Amino acid sequence: MNDTGVERTAHTGTVARVDSITEQARRRAETEHEVVEWAVGELESLIADRGVDLEPMLEYARRSKESLPDRHRRAYEAMAEVFDVDPAVYEVYVFAYSDLCEELADGTGRSEKNPKGCTNALVAPPKVESDGGIDTGSAETAADTEADASGPLVLKNRDIAGRGARPKSIVEQPPIDDLYGFLTVDTCGTISIFKGVNDRGLVAANTYIDRKRDDVDPEDQLRNGTVIRTLLEECATVEGARAALESHPTRHLCGQTLFLADADGTALLEIDPVAERIAVDDDSVVTRTNHFVNSRSTETESSMKRRKRTLELFDGNEQLGRDDLWTFARDHANGPGDDSICRHPEPETDEPHAFGQLTTASAAVFEGGSPVVEVAMGNPCESERTRCAFGDEIPTDLRTGKRWLDRLH
């Protein structure tokens, strides 16, 4: 395996099995409480200073909670009990953060909602450059492959507004009852998952598309972060994940492009609730930003430029490996600002609380069939890659979110 550029850190701490989702959520909250309490405290001060009315956001949050599976709702409630924060601000932090960024952003049209972020790519065999696959050292997972095997690769650059108040951590949930365990890097203190790999080697990651039904109430809309977490918990294969999605009325989903990979296959799904259609792209190399390619959707300048740039980077490559994907993740063409793959705030924005400016909060590369994530906290051009495997010891500062936060201060 090519370990070039991958940080090898002294690891401390593993996640033991627990008896319930509630217990796992409480334990995760205790691990992340310092950074979550800091972030929510920062938001509380800004909300007070600017006189933001939270009630419309709280109403949306309350209605959205009704769409959650019962186990996810119980997880949220268990975490809320641990954090020493204002309950209303925490509820908005979890369920209506993009709306809050709209209110806190200076000016118009520059926020979490316009344009949305994230740049993703998928490379499937035979385009994948074999490096022997990822050796997890485990004999109990679907990651056990032949020595010369190499699964499909998935890259996700996670771009968000107000990133100074949105800390990231490595999140690992062990198998619970009949649910699969999963490993990801995502927002501290929240229940939504926007990318990850489970202990069977199923990878799921998405990009947001500004497209949903106006005639479907928030209580009936399945949030994208709920969809991905549910697939990771309940499905072992790409085929199983597609069947699970098709069991829901497409009109009840929110717009997204969903990247799926396992040891044997891949799929890119354009989920369009307005047209009630799921389009499939099964090309060997696929990239998406924040508009549909095979269906109608809003096409922002940022989304078009980032996808065009990614296609330029892919062009002419007969085979692609992890190092290539990390090179793409660090690309600064069209930047700084919204149009770059590796997004940095424009000079006039106020770091680290640039609520009107999307920036790259983390980058992650997954391999289908391997319960492992390679992650860079913050902008990938400034961070070392760290490899974390499901069930292994992981640095404490990654689990708590402290490493992510320390990069901002």
# chains A, B, ... in the order shown; residues from 1 in each chain; ligands from 1
$ residues_around --residues "region 119-130 of chain A" --least-positions-apart "5" --cutoff "6 Å" --atoms "only C-alpha atoms" --output "mmCIF file with N, CA and C atoms, in the first residue's frame"
data_model
loop_
_atom_site.group_PDB
_atom_site.id
_atom_site.type_symbol
_atom_site.label_atom_id
_atom_site.label_comp_id
_atom_site.auth_asym_id
_atom_site.auth_seq_id
_atom_site.Cartn_x
_atom_site.Cartn_y
_atom_site.Cartn_z
ATOM 1 N N SER A 150 -8.242 -3.968 -4.959
ATOM 2 C CA SER A 150 -8.386 -2.540 -4.687
ATOM 3 C C SER A 150 -9.811 -2.161 -5.030
ATOM 4 N N PRO A 152 -13.351 0.416 -5.199
ATOM 5 C CA PRO A 152 -13.650 1.752 -5.712
ATOM 6 C C PRO A 152 -13.362 2.825 -4.669
ATOM 7 N N LEU A 153 -13.005 4.011 -5.139
ATOM 8 C CA LEU A 153 -12.637 5.110 -4.260
ATOM 9 C C LEU A 153 -13.687 6.217 -4.321
ATOM 10 N N VAL A 154 -13.967 6.818 -3.176
ATOM 11 C CA VAL A 154 -14.910 7.930 -3.091
ATOM 12 C C VAL A 154 -14.254 9.076 -2.336
ATOM 13 N N LEU A 155 -14.257 10.269 -2.940
ATOM 14 C CA LEU A 155 -13.746 11.485 -2.313
ATOM 15 C C LEU A 155 -14.905 12.408 -1.978
ATOM 16 N N LYS A 156 -14.871 13.002 -0.782
ATOM 17 C CA LYS A 156 -15.826 14.055 -0.446
ATOM 18 C C LYS A 156 -15.105 15.208 0.223
ATOM 19 N N ASN A 157 -15.181 16.396 -0.404
ATOM 20 C CA ASN A 157 -14.821 17.648 0.249
ATOM 21 C C ASN A 157 -16.083 18.222 0.869
ATOM 22 N N SER A 284 -17.323 4.828 -14.967
ATOM 23 C CA SER A 284 -16.188 4.429 -14.125
ATOM 24 C C SER A 284 -15.626 5.590 -13.319
ATOM 25 N N VAL A 285 -15.724 6.799 -13.852
ATOM 26 C CA VAL A 285 -15.280 7.996 -13.139
ATOM 27 C C VAL A 285 -16.440 8.984 -13.142
ATOM 28 N N VAL A 286 -16.866 9.386 -11.948
ATOM 29 C CA VAL A 286 -18.033 10.253 -11.804
ATOM 30 C C VAL A 286 -17.690 11.377 -10.839
ATOM 31 N N THR A 287 -18.108 12.593 -11.159
ATOM 32 C CA THR A 287 -17.960 13.707 -10.227
ATOM 33 C C THR A 287 -19.242 14.514 -10.204
ATOM 34 N N ARG A 288 -19.564 15.041 -9.038
ATOM 35 C CA ARG A 288 -20.741 15.884 -8.887
ATOM 36 C C ARG A 288 -20.432 17.006 -7.902
ATOM 37 N N THR A 289 -21.118 18.117 -8.117
ATOM 38 C CA THR A 289 -21.052 19.240 -7.186
ATOM 39 C C THR A 289 -22.473 19.464 -6.666
ATOM 40 N N GLN A 319 -5.645 5.722 -15.175
ATOM 41 C CA GLN A 319 -5.945 5.154 -13.864
ATOM 42 C C GLN A 319 -5.758 6.220 -12.800
ATOM 43 N N LEU A 320 -6.502 6.077 -11.700
ATOM 44 C CA LEU A 320 -6.484 7.063 -10.630
ATOM 45 C C LEU A 320 -6.369 6.366 -9.280
ATOM 46 N N GLY A 321 -5.560 6.932 -8.391
ATOM 47 C CA GLY A 321 -5.386 6.365 -7.066
ATOM 48 C C GLY A 321 -5.726 7.377 -5.985
#
$ residues_around --residues "region 87-89 of chain A" --least-positions-apart "3" --cutoff "10 Å" --atoms "only C-alpha atoms" --output "MDAnalysis selection string"
chainID A and resid 40:41 43:44 47 54:55 57:58 61 80:81 83:84 92:94 96:97 100
$ write_last_selection --atoms "N, CA and C atoms" --output "compact mmCIF listing (two decimals), in the first residue's frame"
# COMPACT_ATOMS: atom_id res chain seq x y z
N VAL A 40 -21.76 26.26 20.38
CA VAL A 40 -23.11 26.75 20.66
C VAL A 40 -23.04 28.05 21.46
N GLY A 41 -22.05 28.18 22.33
CA GLY A 41 -21.87 29.43 23.06
C GLY A 41 -21.54 30.58 22.13
N LEU A 43 -22.42 30.81 18.98
CA LEU A 43 -23.65 31.11 18.25
C LEU A 43 -24.61 31.91 19.13
N GLU A 44 -24.72 31.52 20.38
CA GLU A 44 -25.63 32.22 21.29
C GLU A 44 -25.26 33.70 21.39
N ILE A 47 -26.18 35.45 18.06
CA ILE A 47 -27.63 35.58 17.95
C ILE A 47 -28.13 36.75 18.80
N LEU A 54 -35.21 33.29 16.68
CA LEU A 54 -35.05 31.86 16.46
C LEU A 54 -36.37 31.13 16.24
N GLU A 55 -37.48 31.75 16.54
CA GLU A 55 -38.74 31.00 16.55
C GLU A 55 -39.07 30.33 15.21
N MET A 57 -37.04 29.20 12.99
CA MET A 57 -36.12 28.08 12.85
C MET A 57 -36.49 26.94 13.80
N LEU A 58 -36.90 27.31 15.01
CA LEU A 58 -37.31 26.29 15.98
C LEU A 58 -38.56 25.57 15.52
N ALA A 61 -37.41 23.16 12.98
CA ALA A 61 -36.68 22.09 13.63
C ALA A 61 -37.64 21.10 14.29
N ALA A 80 -28.59 15.99 23.84
CA ALA A 80 -29.04 17.27 24.38
C ALA A 80 -28.98 17.30 25.90
N GLU A 81 -29.21 16.15 26.53
CA GLU A 81 -29.17 16.08 27.99
C GLU A 81 -27.75 16.27 28.53
N PHE A 83 -25.10 18.11 26.99
CA PHE A 83 -24.47 19.40 26.73
C PHE A 83 -25.03 20.49 27.64
N ASP A 84 -24.11 21.28 28.20
CA ASP A 84 -24.48 22.41 29.05
C ASP A 84 -24.60 23.65 28.17
N VAL A 92 -31.39 24.57 17.06
CA VAL A 92 -31.15 25.22 15.77
C VAL A 92 -29.81 24.77 15.19
N TYR A 93 -28.79 24.64 16.02
CA TYR A 93 -27.48 24.15 15.59
C TYR A 93 -27.60 22.79 14.90
N VAL A 94 -28.46 21.93 15.41
CA VAL A 94 -28.60 20.58 14.88
C VAL A 94 -29.51 20.55 13.66
N ALA A 96 -31.34 23.39 12.02
CA ALA A 96 -31.62 24.53 11.14
C ALA A 96 -30.39 25.42 10.99
N TYR A 97 -29.21 24.81 10.93
CA TYR A 97 -27.98 25.57 10.88
C TYR A 97 -27.89 26.43 9.62
N LEU A 100 -29.86 29.52 10.07
CA LEU A 100 -29.18 30.44 10.98
C LEU A 100 -28.06 31.17 10.27
$ atom_distance --atom1 "CA of Gly255 (chain A)" --atom2 "CA of Asn206 (chain A)"
10.0 Å
$ select_by_dssp --residues "region 50-255 of chain A" --states "strand (DSSP E or B)" --output "VMD selection string"
chain A and resid 119 to 123 128 153 to 160 168 to 173 176 179 182 to 187 195 to 198 203 to 208 222 253
$ closest_residue --among "A:His248, A:Arg62, A:Arg322, A:Lys116" --to "Arg306 (chain A)" --atoms "only C-alpha atoms"
A:Lys116
$ select_by_dssp --residues "region 236-385 of chain A" --states "alpha helix (DSSP H)" --output "PyMOL selection string"
chain A and resi 238-246+301-314+322-329
$ residues_around --residues "Ser383 (chain A)" --least-positions-apart "5" --cutoff "12 Å" --atoms "only C-alpha atoms" --output "PDB file with N, CA and C atoms, in the first residue's frame"
ATOM      1  N   GLY A   5       2.375  10.519   2.280  1.00  0.00           N
ATOM      2  CA  GLY A   5       1.590  11.658   2.725  1.00  0.00           C
ATOM      3  C   GLY A   5       0.583  11.352   3.800  1.00  0.00           C
ATOM      4  N   VAL A   6       0.504  10.116   4.264  1.00  0.00           N
ATOM      5  CA  VAL A   6      -0.468   9.750   5.288  1.00  0.00           C
ATOM      6  C   VAL A   6       0.200   9.800   6.645  1.00  0.00           C
ATOM      7  N   GLU A   7      -0.372  10.587   7.536  1.00  0.00           N
ATOM      8  CA  GLU A   7       0.192  10.734   8.863  1.00  0.00           C
ATOM      9  C   GLU A   7      -0.032   9.477   9.680  1.00  0.00           C
ATOM     10  N   TRP A 326      -6.525  13.066  -3.575  1.00  0.00           N
ATOM     11  CA  TRP A 326      -6.099  14.101  -2.626  1.00  0.00           C
ATOM     12  C   TRP A 326      -5.566  15.328  -3.356  1.00  0.00           C
ATOM     13  N   ALA A 329      -8.611  17.186  -4.274  1.00  0.00           N
ATOM     14  CA  ALA A 329      -9.233  17.803  -3.098  1.00  0.00           C
ATOM     15  C   ALA A 329      -8.550  19.109  -2.729  1.00  0.00           C
ATOM     16  N   ARG A 330      -7.252  19.234  -3.034  1.00  0.00           N
ATOM     17  CA  ARG A 330      -6.483  20.421  -2.658  1.00  0.00           C
ATOM     18  C   ARG A 330      -6.443  21.491  -3.747  1.00  0.00           C
ATOM     19  N   CYS A 342     -11.060  23.252  -3.332  1.00  0.00           N
ATOM     20  CA  CYS A 342     -10.602  23.485  -1.957  1.00  0.00           C
ATOM     21  C   CYS A 342     -10.940  24.923  -1.624  1.00  0.00           C
ATOM     22  N   THR A 360     -14.041  24.823   3.017  1.00  0.00           N
ATOM     23  CA  THR A 360     -13.882  23.376   3.158  1.00  0.00           C
ATOM     24  C   THR A 360     -13.550  23.040   4.607  1.00  0.00           C
ATOM     25  N   ALA A 361     -14.427  22.288   5.239  1.00  0.00           N
ATOM     26  CA  ALA A 361     -14.273  21.948   6.654  1.00  0.00           C
ATOM     27  C   ALA A 361     -13.541  20.631   6.860  1.00  0.00           C
ATOM     28  N   SER A 362     -13.605  19.738   5.874  1.00  0.00           N
ATOM     29  CA  SER A 362     -12.889  18.467   5.952  1.00  0.00           C
ATOM     30  C   SER A 362     -12.872  17.835   4.564  1.00  0.00           C
ATOM     31  N   ALA A 363     -11.957  16.905   4.377  1.00  0.00           N
ATOM     32  CA  ALA A 363     -11.916  16.102   3.158  1.00  0.00           C
ATOM     33  C   ALA A 363     -11.705  14.655   3.566  1.00  0.00           C
ATOM     34  N   ALA A 364     -12.347  13.744   2.854  1.00  0.00           N
ATOM     35  CA  ALA A 364     -12.261  12.331   3.209  1.00  0.00           C
ATOM     36  C   ALA A 364     -12.231  11.480   1.950  1.00  0.00           C
ATOM     37  N   GLU A 374      -9.636   7.903   5.211  1.00  0.00           N
ATOM     38  CA  GLU A 374      -8.493   8.810   5.224  1.00  0.00           C
ATOM     39  C   GLU A 374      -9.065  10.209   5.276  1.00  0.00           C
ATOM     40  N   VAL A 375      -8.630  10.989   6.250  1.00  0.00           N
ATOM     41  CA  VAL A 375      -9.282  12.271   6.479  1.00  0.00           C
ATOM     42  C   VAL A 375      -8.265  13.380   6.685  1.00  0.00           C
ATOM     43  N   ALA A 376      -8.615  14.568   6.219  1.00  0.00           N
ATOM     44  CA  ALA A 376      -7.879  15.790   6.522  1.00  0.00           C
ATOM     45  C   ALA A 376      -8.862  16.744   7.173  1.00  0.00           C
ATOM     46  N   MET A 377      -8.532  17.210   8.374  1.00  0.00           N
ATOM     47  CA  MET A 377      -9.398  18.145   9.084  1.00  0.00           C
ATOM     48  C   MET A 377      -9.125  19.563   8.604  1.00  0.00           C
ATOM     49  N   GLY A 378     -10.174  20.295   8.277  1.00  0.00           N
ATOM     50  CA  GLY A 378     -10.016  21.623   7.707  1.00  0.00           C
ATOM     51  C   GLY A 378      -9.676  21.515   6.231  1.00  0.00           C
ATOM     52  N   ARG A 403      -8.732  18.564  17.376  1.00  0.00           N
ATOM     53  CA  ARG A 403      -7.762  18.795  16.304  1.00  0.00           C
ATOM     54  C   ARG A 403      -8.338  19.715  15.243  1.00  0.00           C
ATOM     55  N   TRP A 404      -9.601  19.523  14.933  1.00  0.00           N
ATOM     56  CA  TRP A 404     -10.247  20.381  13.923  1.00  0.00           C
ATOM     57  C   TRP A 404     -10.298  21.816  14.427  1.00  0.00           C
ATOM     58  N   ASP A 406      -8.476  23.260  16.759  1.00  0.00           N
ATOM     59  CA  ASP A 406      -7.155  23.864  16.950  1.00  0.00           C
ATOM     60  C   ASP A 406      -6.609  24.466  15.667  1.00  0.00           C
ATOM     61  N   ARG A 407      -7.047  23.972  14.514  1.00  0.00           N
ATOM     62  CA  ARG A 407      -6.555  24.506  13.237  1.00  0.00           C
ATOM     63  C   ARG A 407      -7.116  25.910  12.966  1.00  0.00           C
ATOM     64  N   LEU A 408      -8.187  26.276  13.672  1.00  0.00           N
ATOM     65  CA  LEU A 408      -8.789  27.595  13.456  1.00  0.00           C
ATOM     66  C   LEU A 408      -8.224  28.653  14.403  1.00  0.00           C
TER      67      LEU A 408
END
